[in-house]
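Text of run_12.txt, listed as compact mmCIF, N, CA and C atoms:
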```
# COMPACT_ATOMS: atom_id res chain seq x y z
N MET A 180 11.51 9.16 -6.57
CA MET A 180 10.42 9.96 -6.05
C MET A 180 9.22 9.04 -5.83
N HIS A 181 8.55 9.19 -4.71
CA HIS A 181 7.43 8.35 -4.36
C HIS A 181 6.18 9.21 -4.27
N ALA A 182 5.16 8.86 -5.04
CA ALA A 182 3.91 9.60 -5.03
C ALA A 182 3.02 9.06 -3.93
N THR A 183 2.25 9.94 -3.28
CA THR A 183 1.37 9.54 -2.18
C THR A 183 0.01 10.18 -2.38
N LYS A 184 -1.06 9.38 -2.18
CA LYS A 184 -2.42 9.89 -2.22
C LYS A 184 -3.14 9.42 -0.98
N THR A 185 -4.06 10.24 -0.45
CA THR A 185 -4.85 9.87 0.72
C THR A 185 -6.31 9.87 0.32
N PHE A 186 -7.06 8.84 0.77
CA PHE A 186 -8.47 8.77 0.47
C PHE A 186 -9.20 8.11 1.63
N VAL A 187 -10.52 8.28 1.67
CA VAL A 187 -11.35 7.66 2.69
C VAL A 187 -11.98 6.41 2.10
N ALA A 188 -11.94 5.32 2.82
CA ALA A 188 -12.47 4.05 2.33
C ALA A 188 -13.99 4.10 2.19
N LYS A 189 -14.50 3.49 1.13
CA LYS A 189 -15.94 3.40 0.91
C LYS A 189 -16.45 2.12 1.56
N PRO A 190 -17.71 2.09 1.97
CA PRO A 190 -18.24 0.91 2.65
C PRO A 190 -18.59 -0.22 1.67
N TYR A 191 -17.63 -1.03 1.32
CA TYR A 191 -17.86 -2.20 0.48
C TYR A 191 -18.08 -3.41 1.36
N ARG A 192 -18.46 -4.51 0.76
CA ARG A 192 -18.64 -5.75 1.52
C ARG A 192 -17.28 -6.38 1.76
N LEU A 193 -16.71 -6.03 2.87
CA LEU A 193 -15.43 -6.58 3.28
C LEU A 193 -15.58 -7.21 4.65
N ARG A 194 -14.73 -8.16 4.95
CA ARG A 194 -14.74 -8.75 6.28
C ARG A 194 -13.88 -7.91 7.21
N PHE A 195 -14.50 -7.43 8.26
CA PHE A 195 -13.80 -6.61 9.24
C PHE A 195 -13.73 -7.36 10.56
N SER A 196 -12.82 -6.96 11.36
CA SER A 196 -12.71 -7.51 12.69
C SER A 196 -13.96 -7.16 13.48
N LYS A 197 -14.43 -8.06 14.31
CA LYS A 197 -15.63 -7.81 15.10
C LYS A 197 -15.38 -6.74 16.16
N ARG A 198 -14.12 -6.43 16.44
CA ARG A 198 -13.81 -5.40 17.43
C ARG A 198 -14.11 -4.00 16.90
N MET A 199 -14.18 -3.84 15.59
CA MET A 199 -14.44 -2.52 15.01
C MET A 199 -15.95 -2.30 14.90
N ASN A 200 -16.41 -1.12 15.30
CA ASN A 200 -17.82 -0.82 15.11
C ASN A 200 -18.01 -0.13 13.76
N GLU A 201 -19.25 0.11 13.39
CA GLU A 201 -19.57 0.67 12.07
C GLU A 201 -18.91 2.03 11.85
N GLY A 202 -18.87 2.88 12.86
CA GLY A 202 -18.28 4.20 12.74
C GLY A 202 -16.79 4.15 12.45
N GLU A 203 -16.08 3.21 13.05
CA GLU A 203 -14.65 3.07 12.80
C GLU A 203 -14.38 2.62 11.38
N ARG A 204 -15.23 1.76 10.84
CA ARG A 204 -15.04 1.31 9.46
C ARG A 204 -15.19 2.45 8.47
N MET A 205 -16.13 3.33 8.72
CA MET A 205 -16.42 4.42 7.80
C MET A 205 -15.34 5.51 7.86
N LYS A 206 -14.63 5.65 8.96
CA LYS A 206 -13.66 6.72 9.12
C LYS A 206 -12.23 6.31 8.80
N SER A 207 -12.04 5.10 8.40
CA SER A 207 -10.68 4.64 8.10
C SER A 207 -10.11 5.42 6.92
N LYS A 208 -8.86 5.85 7.07
CA LYS A 208 -8.18 6.57 5.99
C LYS A 208 -6.98 5.74 5.55
N TYR A 209 -6.73 5.79 4.28
CA TYR A 209 -5.63 5.04 3.70
C TYR A 209 -4.75 5.97 2.88
N ARG A 210 -3.50 5.65 2.82
CA ARG A 210 -2.55 6.40 2.00
C ARG A 210 -1.96 5.39 1.02
N VAL A 211 -1.92 5.76 -0.25
CA VAL A 211 -1.37 4.88 -1.28
C VAL A 211 -0.05 5.47 -1.75
N HIS A 212 1.01 4.68 -1.65
CA HIS A 212 2.35 5.10 -2.05
C HIS A 212 2.74 4.34 -3.31
N ARG A 213 3.38 5.02 -4.24
CA ARG A 213 3.96 4.37 -5.41
C ARG A 213 5.47 4.31 -5.17
N PHE A 214 6.02 3.10 -5.19
CA PHE A 214 7.43 2.89 -4.91
C PHE A 214 8.08 2.32 -6.16
N ASN A 215 8.85 3.15 -6.89
CA ASN A 215 9.58 2.68 -8.07
C ASN A 215 10.77 1.86 -7.62
N LEU A 216 11.04 0.76 -8.30
CA LEU A 216 12.14 -0.08 -7.86
C LEU A 216 12.75 -0.88 -8.99
N SER A 217 13.97 -1.27 -8.75
CA SER A 217 14.68 -2.25 -9.57
C SER A 217 14.79 -3.48 -8.68
N MET A 218 14.24 -4.60 -9.12
CA MET A 218 14.13 -5.79 -8.28
C MET A 218 15.48 -6.28 -7.75
N THR A 219 16.54 -6.05 -8.49
CA THR A 219 17.83 -6.58 -8.07
C THR A 219 18.59 -5.66 -7.12
N LYS A 220 18.23 -4.36 -7.06
CA LYS A 220 19.03 -3.40 -6.31
C LYS A 220 18.34 -2.75 -5.12
N ASP A 221 17.03 -2.71 -5.10
CA ASP A 221 16.33 -1.84 -4.16
C ASP A 221 15.71 -2.53 -2.94
N GLN A 222 16.17 -3.70 -2.58
CA GLN A 222 15.61 -4.39 -1.42
C GLN A 222 15.80 -3.58 -0.15
N SER A 223 16.97 -3.04 0.08
CA SER A 223 17.22 -2.27 1.32
C SER A 223 16.43 -0.96 1.33
N LYS A 224 16.26 -0.32 0.16
CA LYS A 224 15.46 0.91 0.09
C LYS A 224 14.01 0.62 0.43
N LEU A 225 13.48 -0.49 -0.09
CA LEU A 225 12.10 -0.88 0.22
C LEU A 225 11.96 -1.19 1.70
N GLU A 226 12.90 -1.87 2.26
CA GLU A 226 12.87 -2.20 3.69
C GLU A 226 12.87 -0.94 4.54
N GLN A 227 13.71 0.03 4.21
CA GLN A 227 13.74 1.29 4.95
C GLN A 227 12.43 2.06 4.80
N PHE A 228 11.88 2.06 3.58
CA PHE A 228 10.63 2.75 3.33
C PHE A 228 9.49 2.15 4.16
N LEU A 229 9.38 0.82 4.16
CA LEU A 229 8.31 0.16 4.90
C LEU A 229 8.46 0.37 6.41
N ASN A 230 9.68 0.32 6.92
CA ASN A 230 9.90 0.53 8.34
C ASN A 230 9.66 1.98 8.75
N GLY A 231 9.72 2.92 7.80
CA GLY A 231 9.50 4.33 8.10
C GLY A 231 8.04 4.76 8.05
N LEU A 232 7.14 3.89 7.64
CA LEU A 232 5.72 4.23 7.56
C LEU A 232 5.13 4.33 8.96
N ASP A 233 4.19 5.27 9.13
CA ASP A 233 3.55 5.47 10.43
C ASP A 233 2.42 4.49 10.68
N GLY A 234 1.67 4.17 9.64
CA GLY A 234 0.49 3.31 9.79
C GLY A 234 0.79 1.85 9.54
N GLU A 235 -0.29 1.10 9.36
CA GLU A 235 -0.22 -0.34 9.12
C GLU A 235 -0.27 -0.60 7.62
N VAL A 236 0.62 -1.43 7.10
CA VAL A 236 0.60 -1.77 5.68
C VAL A 236 -0.52 -2.78 5.46
N VAL A 237 -1.48 -2.41 4.60
CA VAL A 237 -2.63 -3.25 4.33
C VAL A 237 -2.38 -4.14 3.11
N ALA A 238 -1.72 -3.59 2.10
CA ALA A 238 -1.48 -4.35 0.87
C ALA A 238 -0.26 -3.81 0.15
N ILE A 239 0.41 -4.72 -0.55
CA ILE A 239 1.49 -4.35 -1.46
C ILE A 239 1.12 -4.96 -2.80
N ILE A 240 0.93 -4.09 -3.81
CA ILE A 240 0.46 -4.53 -5.12
C ILE A 240 1.56 -4.28 -6.14
N PRO A 241 2.13 -5.33 -6.72
CA PRO A 241 3.18 -5.14 -7.72
C PRO A 241 2.60 -4.84 -9.09
N ASN A 242 3.29 -4.00 -9.85
CA ASN A 242 2.94 -3.78 -11.25
C ASN A 242 3.89 -4.65 -12.08
N VAL A 243 3.34 -5.70 -12.67
CA VAL A 243 4.15 -6.66 -13.43
C VAL A 243 4.04 -6.33 -14.91
N THR A 244 5.18 -6.11 -15.56
CA THR A 244 5.21 -5.84 -16.99
C THR A 244 5.29 -7.15 -17.76
N PRO A 245 4.43 -7.35 -18.75
CA PRO A 245 4.40 -8.63 -19.46
C PRO A 245 5.41 -8.76 -20.60
N MET A 246 5.83 -7.67 -21.20
CA MET A 246 6.67 -7.75 -22.40
C MET A 246 7.92 -6.91 -22.25
N PRO A 247 9.02 -7.17 -22.82
CA PRO A 247 9.44 -8.43 -23.43
C PRO A 247 9.86 -9.44 -22.37
N ALA A 248 10.27 -8.97 -21.20
CA ALA A 248 10.59 -9.87 -20.09
C ALA A 248 9.73 -9.47 -18.91
N THR A 249 9.29 -10.44 -18.14
CA THR A 249 8.42 -10.16 -17.01
C THR A 249 9.26 -9.65 -15.83
N TYR A 250 8.89 -8.48 -15.31
CA TYR A 250 9.55 -7.93 -14.14
C TYR A 250 8.61 -6.94 -13.46
N VAL A 251 8.93 -6.57 -12.24
CA VAL A 251 8.15 -5.60 -11.47
C VAL A 251 8.87 -4.26 -11.54
N ASP A 252 8.18 -3.22 -12.04
CA ASP A 252 8.83 -1.92 -12.13
C ASP A 252 8.43 -0.96 -11.01
N PHE A 253 7.27 -1.17 -10.40
CA PHE A 253 6.91 -0.38 -9.21
C PHE A 253 5.90 -1.14 -8.37
N LEU A 254 5.76 -0.70 -7.11
CA LEU A 254 4.81 -1.28 -6.18
C LEU A 254 3.84 -0.19 -5.74
N LEU A 255 2.59 -0.56 -5.54
CA LEU A 255 1.63 0.29 -4.85
C LEU A 255 1.51 -0.24 -3.43
N ILE A 256 1.76 0.60 -2.46
CA ILE A 256 1.74 0.19 -1.05
C ILE A 256 0.60 0.93 -0.38
N VAL A 257 -0.37 0.19 0.15
CA VAL A 257 -1.54 0.78 0.80
C VAL A 257 -1.30 0.76 2.31
N GLU A 258 -1.36 1.96 2.90
CA GLU A 258 -1.10 2.13 4.34
C GLU A 258 -2.37 2.64 5.02
N LYS A 259 -2.80 1.98 6.07
CA LYS A 259 -3.93 2.43 6.87
C LYS A 259 -3.41 3.40 7.91
N ILE A 260 -3.92 4.65 7.89
CA ILE A 260 -3.37 5.68 8.77
C ILE A 260 -4.26 6.05 9.94
N SER A 261 -5.48 5.54 9.97
CA SER A 261 -6.32 5.84 11.15
C SER A 261 -7.18 4.66 11.51
```

Show me, as structure tokens, the structure contained in the file I just sent.
Amino acid sequence: MHATKTFVAKPYRLRFSKRMNEGERMKSKYRVHRFNLSMTKDQSKLEQFLNGLDGEVVAIIPNVTPMPATYVDFLLIVEKIS
């Protein structure tokens, strides 16, 4: 099961493309997906999930567990939808 949240970006000091005007920066919407995975088995599922997204993938953030062995148990995938 993949959880999804939608939020409106806040105006932080970020570098934006010069093609975007101020109004476009303020109206950008993002969707955050949580993708649970097993690193050894779920490569094709992740590939299908990413190819099925409507927007642009802005970031993929792994959750790395430190103990007892280091591994990634889920990813946060940030998608720009507008």

### Message
Could you tell me how far CA of Leu216 (chain A) sits from atom N of Pro245 (chain A), in Å to one decimal place?
### Response
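Calculated distance between atom N of Pro245 (chain A) and CA of Leu216 (chain A) is 15.2 Å.
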
### Message
What does the structure give for the distance between CA of Gly234 (chain A) and CA of Thr219 (chain A), in Å to one decimal?
### Response
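CA of Thr219 (chain A) lies at a distance of 26.8 Å from CA of Gly234 (chain A).
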
### Polymer residues at most 5 Å from Ile240 (chain A), all atoms listed in the file, same-chain spacing of 2 or more positions, as a PyMOL selection string
chain A and resi 238+242+254-256

Atoms kept (N, CA and C atoms) for selection, written as a JSON list (two decimals), in the frame of the given file:
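Result file follows (selection_21.json):
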```
[["chain", "number", "residue", "atom", "x", "y", "z"],
["A", 238, "ALA", "N", -1.72, -3.59, 2.10],
["A", 238, "ALA", "CA", -1.48, -4.35, 0.87],
["A", 238, "ALA", "C", -0.26, -3.81, 0.15],
["A", 242, "ASN", "N", 3.29, -4.00, -9.85],
["A", 242, "ASN", "CA", 2.94, -3.78, -11.25],
["A", 242, "ASN", "C", 3.89, -4.65, -12.08],
["A", 254, "LEU", "N", 5.76, -0.70, -7.11],
["A", 254, "LEU", "CA", 4.81, -1.28, -6.18],
["A", 254, "LEU", "C", 3.84, -0.19, -5.74],
["A", 255, "LEU", "N", 2.59, -0.56, -5.54],
["A", 255, "LEU", "CA", 1.63, 0.29, -4.85],
["A", 255, "LEU", "C", 1.51, -0.24, -3.43],
["A", 256, "ILE", "N", 1.76, 0.60, -2.46],
["A", 256, "ILE", "CA", 1.74, 0.19, -1.05],
["A", 256, "ILE", "C", 0.60, 0.93, -0.38]]
```

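Taking CA of Asp252 (chain A) and CA of Ser207 (chain A) as endpoints, the distance between them is 28.9 Å.
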
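Using only N, CA and C atoms, the nearest neighbour of Val251 (chain A) within the list A:Met218, A:Lys224, A:Val211, A:Lys206 is A:Met218.
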
### Within 6 Å of Ile260 (chain A) using all atoms listed in the file, minus same-chain residues under 3 positions, as a list in words
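Final neighbour list, sorted by chain and number: Lys208, Tyr209, Arg210, Gly234 and Glu235 of chain A.
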
Residues as selected, N, CA and C atoms, written as a PDB file, in the frame of the given file, can you do that?
```
ATOM      1  N   LYS A 208      -8.860   5.850   7.070  1.00  0.00           N
ATOM      2  CA  LYS A 208      -8.180   6.570   5.990  1.00  0.00           C
ATOM      3  C   LYS A 208      -6.980   5.740   5.550  1.00  0.00           C
ATOM      4  N   TYR A 209      -6.730   5.790   4.280  1.00  0.00           N
ATOM      5  CA  TYR A 209      -5.630   5.040   3.700  1.00  0.00           C
ATOM      6  C   TYR A 209      -4.750   5.970   2.880  1.00  0.00           C
ATOM      7  N   ARG A 210      -3.500   5.650   2.820  1.00  0.00           N
ATOM      8  CA  ARG A 210      -2.550   6.400   2.000  1.00  0.00           C
ATOM      9  C   ARG A 210      -1.960   5.390   1.020  1.00  0.00           C
ATOM     10  N   GLY A 234       1.670   4.170   9.640  1.00  0.00           N
ATOM     11  CA  GLY A 234       0.490   3.310   9.790  1.00  0.00           C
ATOM     12  C   GLY A 234       0.790   1.850   9.540  1.00  0.00           C
ATOM     13  N   GLU A 235      -0.290   1.100   9.360  1.00  0.00           N
ATOM     14  CA  GLU A 235      -0.220  -0.340   9.120  1.00  0.00           C
ATOM     15  C   GLU A 235      -0.270  -0.600   7.620  1.00  0.00           C
TER      16      GLU A 235
END
```
